[in-house]
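Participant: Mind having a look at this structure? Questions to follow.
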Amino acid sequence: MAARLAPRGGPGADGRRPWLLLAPLLLAPLLARPAEALVEGLYCGKRDCYEVLGVSRSASKAEIARAYRQLARRYHPDRYRPEPGDGPGGAPPSAEAFLLVATAYETLKDEETRKDYDYMLDHPEEYYSHYYHYYSRRLAPKVDVRVVILVSVCAISVFQYFSWWNSYNKAISYLATVPKYRIQATEIAREQGLLKKAKERGKNKKSKEEVRDEEENIIKNIIKSKIDIKGGYQKPRVQDLLLFQVILAPFHLCSYIAWYCRWVYNFNIKGREYGEEERLYLIRKSMKMSQSQFDSLEDHQKETFLQRELWIKENYEVYKQEQEEELKKKLANDPRWKRYRRWMKNEGPGRLTFVDD
């Protein structure tokens, strides 16, 4: 009868029940931690910071500072003076004693650190929490991260600005050496009488080198005003700097969302035809080009793209195949490419050769 009245979930009926009983016993060694208030490696270790300084837990900041100064004069190796009771010979204290005093003062002088330390004394059972608070404060950066980010962004922006101006000036200097642009700029300067002013004589007579430099600057200024350089060598703009991009990021994000919604509504829902701007956008996306790269293309190239309707995927695939075939023909007729293929066939990359070409 007793066997009949035994519960169905007894140890013999369910093999999981013994493991549930043993689980606390198995996990107890892992979860058990000493409930001591003073932990080695945190703050003053096994010593009480208040006892190290000789003050009570209700001591004020002034009392803590006064106790620290007294102990520092006593234990600092350079300021040590033997006192009665220090023993024969007046042996100076060890560096560990002074370091312990300094650690105690660093712990108690800061209000937040002192609160964490008092909490550790009152709640010794929260072992992991004490470690977290201690190392989170100790390893926290001394400088505000926001200030570091702001200074870094400003430094990068300044570097960008001067680097872009350097590239732009190099492009202008190169264009000034191209005969096509130099001749046109020289004619414009003569029509405006700028070159005559550079060669004025009299009291303000200039040397040949000064006149040459001034004429060169006049030609470069005309090229700057007449030629719109696009792409990576375009004239720097303040709004393109990283600092302004970060500031205007929310505005750009909202503008993009609004533009995308208009695109979906006009072309996906309403089914309207693409305009010229939209067609160029689709072509640029198909070519995987950035806006600056696409802007650097000539106008006749963009007109060719529009005439061939490259915004349509099938037409672009045909155009891409044609470009690849044309590139292969150019490489086949290139003498350097022929020499390279002949070398690969006869010598190969893994063999030594003394052929100069």
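Residue names in the structure tokens use chain letters A, B, ... in the order shown, residue numbers from 1 in each chain, and ligand numbers from 1 in the order shown.
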Can you tell me which residues surround Thr186 (chain A) at a distance of at most 10 Å, considering only C-alpha atoms, apart from same-chain residues fewer than 4 positions away, and format the answer as a list in words?

Facilitator: Ala176, Tyr181, Arg182, Arg190, Glu191, Gln192, Leu194, Leu195, Glu215, Glu216, Ile218, Ile219, Lys220, Ile222 and Ile223 of chain A

Participant: Would you output that residue set with C-alpha atoms, as a tab-separated table (two decimals), in the first residue's frame?

Facilitator:
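Wrote again_6.tsv, looks like this:
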chain	number	residue	atom	x	y	z
A	176	ALA	CA	49.31	76.65	-66.09
A	181	TYR	CA	45.05	76.67	-71.07
A	182	ARG	CA	48.15	78.84	-70.78
A	190	ARG	CA	46.40	90.85	-72.44
A	191	GLU	CA	42.85	91.87	-73.30
A	192	GLN	CA	42.31	93.04	-69.73
A	194	LEU	CA	46.95	92.84	-66.71
A	195	LEU	CA	50.30	91.97	-68.26
A	215	GLU	CA	52.76	87.25	-64.72
A	216	GLU	CA	52.68	83.63	-63.57
A	218	ILE	CA	48.10	86.48	-63.07
A	219	ILE	CA	47.82	83.49	-65.40
A	220	LYS	CA	47.07	81.13	-62.48
A	222	ILE	CA	42.71	83.60	-64.56
A	223	ILE	CA	42.79	79.82	-64.76

Participant: I want to know what sits within 12 Å of Tyr134 (chain A), based on only C-alpha atoms, with residues of the same chain fewer than 6 positions away left out; could you give that as a ChimeraX atom specification?

Facilitator: /A:39,41-44,107,112-117,119-120,127-128,140

Participant: The selected residues should be written to file as a short mmCIF file (atom, residue, chain, number, x, y, z; two decimals), in the first residue's frame (atoms: all heavy atoms).

Facilitator:
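File written: selection37.cif
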data_model
loop_
_atom_site.label_atom_id
_atom_site.label_comp_id
_atom_site.auth_asym_id
_atom_site.auth_seq_id
_atom_site.Cartn_x
_atom_site.Cartn_y
_atom_site.Cartn_z
N VAL A 39 39.19 43.59 1.10
CA VAL A 39 39.61 42.63 0.08
C VAL A 39 40.98 43.04 -0.43
O VAL A 39 41.24 44.22 -0.70
CB VAL A 39 38.60 42.58 -1.08
CG1 VAL A 39 39.02 41.55 -2.12
CG2 VAL A 39 37.20 42.26 -0.56
N GLY A 41 43.81 43.85 -2.87
CA GLY A 41 43.81 44.36 -4.23
C GLY A 41 42.86 45.51 -4.45
O GLY A 41 42.89 46.14 -5.52
N LEU A 42 41.99 45.81 -3.49
CA LEU A 42 41.06 46.93 -3.60
C LEU A 42 41.38 47.97 -2.54
O LEU A 42 41.51 47.64 -1.36
CB LEU A 42 39.61 46.45 -3.42
CG LEU A 42 39.08 45.42 -4.43
CD1 LEU A 42 37.62 45.13 -4.13
CD2 LEU A 42 39.26 45.89 -5.85
N TYR A 43 41.53 49.19 -2.98
CA TYR A 43 41.78 50.32 -2.09
C TYR A 43 43.03 50.06 -1.22
O TYR A 43 44.12 49.91 -1.77
CB TYR A 43 40.55 50.60 -1.22
CG TYR A 43 39.31 50.83 -2.04
CD1 TYR A 43 38.31 49.86 -2.14
CD2 TYR A 43 39.13 52.02 -2.73
CE1 TYR A 43 37.17 50.07 -2.91
CE2 TYR A 43 37.98 52.24 -3.49
CZ TYR A 43 37.02 51.26 -3.58
OH TYR A 43 35.90 51.47 -4.33
N CYS A 44 42.87 49.98 0.09
CA CYS A 44 44.02 49.78 0.98
C CYS A 44 44.28 48.31 1.30
O CYS A 44 45.02 48.00 2.25
CB CYS A 44 43.81 50.55 2.29
SG CYS A 44 43.67 52.34 2.05
N THR A 107 41.81 57.56 -1.69
CA THR A 107 40.50 56.90 -1.59
C THR A 107 39.49 57.77 -0.87
O THR A 107 38.32 57.85 -1.28
CB THR A 107 40.65 55.55 -0.86
OG1 THR A 107 41.58 54.73 -1.56
CG2 THR A 107 39.31 54.84 -0.75
N GLU A 112 32.99 60.55 -4.36
CA GLU A 112 32.42 59.36 -5.00
C GLU A 112 33.20 58.10 -4.61
O GLU A 112 32.61 57.06 -4.32
CB GLU A 112 32.42 59.55 -6.52
CG GLU A 112 31.57 60.72 -7.01
CD GLU A 112 30.10 60.53 -6.66
OE1 GLU A 112 29.65 59.37 -6.63
OE2 GLU A 112 29.42 61.54 -6.42
N THR A 113 34.52 58.20 -4.62
CA THR A 113 35.33 57.04 -4.24
C THR A 113 35.11 56.68 -2.78
O THR A 113 35.06 55.50 -2.42
CB THR A 113 36.82 57.34 -4.48
OG1 THR A 113 37.00 57.80 -5.82
CG2 THR A 113 37.67 56.10 -4.28
N ARG A 114 34.94 57.69 -1.94
CA ARG A 114 34.69 57.43 -0.52
C ARG A 114 33.34 56.74 -0.32
O ARG A 114 33.20 55.84 0.52
CB ARG A 114 34.75 58.73 0.26
CG ARG A 114 34.63 58.56 1.77
CD ARG A 114 34.77 59.88 2.47
NE ARG A 114 34.64 59.73 3.93
CZ ARG A 114 34.72 60.74 4.79
NH1 ARG A 114 34.95 61.98 4.33
NH2 ARG A 114 34.58 60.52 6.09
N LYS A 115 32.32 57.14 -1.13
CA LYS A 115 31.02 56.48 -1.03
C LYS A 115 31.13 55.01 -1.41
O LYS A 115 30.54 54.13 -0.76
CB LYS A 115 30.02 57.19 -1.94
CG LYS A 115 29.57 58.54 -1.42
CD LYS A 115 28.57 59.17 -2.38
CE LYS A 115 28.12 60.53 -1.88
NZ LYS A 115 27.15 61.17 -2.82
N ASP A 116 31.88 54.73 -2.47
CA ASP A 116 32.06 53.33 -2.87
C ASP A 116 32.79 52.54 -1.79
O ASP A 116 32.45 51.38 -1.53
CB ASP A 116 32.84 53.27 -4.19
CG ASP A 116 32.05 53.81 -5.36
OD1 ASP A 116 30.81 53.90 -5.24
OD2 ASP A 116 32.66 54.15 -6.39
N TYR A 117 33.79 53.17 -1.18
CA TYR A 117 34.54 52.47 -0.13
C TYR A 117 33.66 52.21 1.09
O TYR A 117 33.69 51.10 1.67
CB TYR A 117 35.77 53.29 0.24
CG TYR A 117 36.65 52.62 1.26
CD1 TYR A 117 37.41 51.49 0.92
CD2 TYR A 117 36.73 53.10 2.57
CE1 TYR A 117 38.21 50.87 1.87
CE2 TYR A 117 37.53 52.48 3.52
CZ TYR A 117 38.27 51.36 3.15
OH TYR A 117 39.07 50.73 4.08
N TYR A 119 30.46 51.91 1.07
CA TYR A 119 29.50 50.88 0.69
C TYR A 119 30.12 49.49 0.75
O TYR A 119 29.46 48.52 1.13
CB TYR A 119 28.98 51.17 -0.72
CG TYR A 119 27.84 50.27 -1.15
CD1 TYR A 119 26.54 50.55 -0.77
CD2 TYR A 119 28.08 49.14 -1.93
CE1 TYR A 119 25.48 49.73 -1.16
CE2 TYR A 119 27.04 48.31 -2.32
CZ TYR A 119 25.75 48.62 -1.93
OH TYR A 119 24.71 47.80 -2.30
N MET A 120 31.40 49.39 0.39
CA MET A 120 32.08 48.10 0.47
C MET A 120 32.22 47.65 1.93
O MET A 120 32.08 46.47 2.25
CB MET A 120 33.47 48.20 -0.17
CG MET A 120 34.19 46.86 -0.26
SD MET A 120 35.88 47.01 -0.85
CE MET A 120 36.67 47.71 0.59
N TYR A 127 30.60 41.03 -3.68
CA TYR A 127 32.02 40.91 -4.04
C TYR A 127 32.30 41.49 -5.43
O TYR A 127 33.18 42.34 -5.59
CB TYR A 127 32.39 39.43 -3.99
CG TYR A 127 33.84 39.13 -4.27
CD1 TYR A 127 34.80 39.27 -3.28
CD2 TYR A 127 34.24 38.69 -5.52
CE1 TYR A 127 36.13 38.98 -3.54
CE2 TYR A 127 35.57 38.40 -5.78
CZ TYR A 127 36.50 38.54 -4.80
OH TYR A 127 37.81 38.25 -5.05
N TYR A 128 31.56 41.03 -6.44
CA TYR A 128 31.82 41.46 -7.82
C TYR A 128 31.49 42.93 -8.03
O TYR A 128 32.14 43.61 -8.83
CB TYR A 128 31.04 40.59 -8.79
CG TYR A 128 31.45 39.14 -8.77
CD1 TYR A 128 30.65 38.18 -8.16
CD2 TYR A 128 32.65 38.74 -9.34
CE1 TYR A 128 31.05 36.85 -8.14
CE2 TYR A 128 33.04 37.42 -9.33
CZ TYR A 128 32.24 36.47 -8.72
OH TYR A 128 32.63 35.16 -8.70
N ALA A 140 38.90 54.74 -15.61
CA ALA A 140 38.16 55.76 -16.36
C ALA A 140 39.12 56.84 -16.86
O ALA A 140 40.09 57.19 -16.19
CB ALA A 140 37.09 56.40 -15.46
#

Participant: Can you measure CA of Glu317 (chain A) to CA of Lys288 (chain A) for me? One decimal in Å is fine.

Facilitator: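 Separation between CA of Glu317 (chain A) and CA of Lys288 (chain A): 13.4 Å.
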
Participant: What is the distance between CA of Phe294 (chain A) and CA of Gly271 (chain A), in Å to one decimal?

Facilitator: 26.6 Å

Participant: Need the shell around Arg284 (chain A): protein/DNA/RNA residues with any atom at most 10 Å away, counting only C-alpha atoms. Skip same-chain ones fewer than 2 positions apart. Format as a PyMOL selection string?

Facilitator: chain A and resi 278-282+286-291+293-295+302+305+310-311

Participant: Taking only region 64-258 of chain A into account, list the residues labelled helix (DSSP H, G or I) by DSSP (computed from the backbone), as a VMD selection string.

Facilitator: chain A and resid 64 to 75 95 to 109 111 to 122 127 to 138 145 to 177 179 to 191 194 to 198 208 to 226 231 to 233 238 to 240 242 to 247 249 to 258

Participant: How many Å separate CA of Ile156 (chain A) from CA of Pro236 (chain A)?

Facilitator: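 So the answer is 14.5 Å.
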
Participant: Considering only C-alpha atoms, return as an MDAnalysis selection string whatever protein or nucleic-acid residues lie within 8 Å of region 161-173 of chain A, sequence-local ones (same chain, fewer than 4 positions apart) excluded.

Facilitator: chainID A and resid 157 177 220 223:224 233:236 238 241

Participant: Could you name the residues that touch Glu309 (chain A) at 10 Å or less, counting only C-alpha atoms, but leaving out those on the same chain fewer than 6 positions away, as a list in words?

Facilitator: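 Those residues are Arg279, Leu280, Ile283, Glu303, Asn315, Tyr316 and Tyr319 of chain A.
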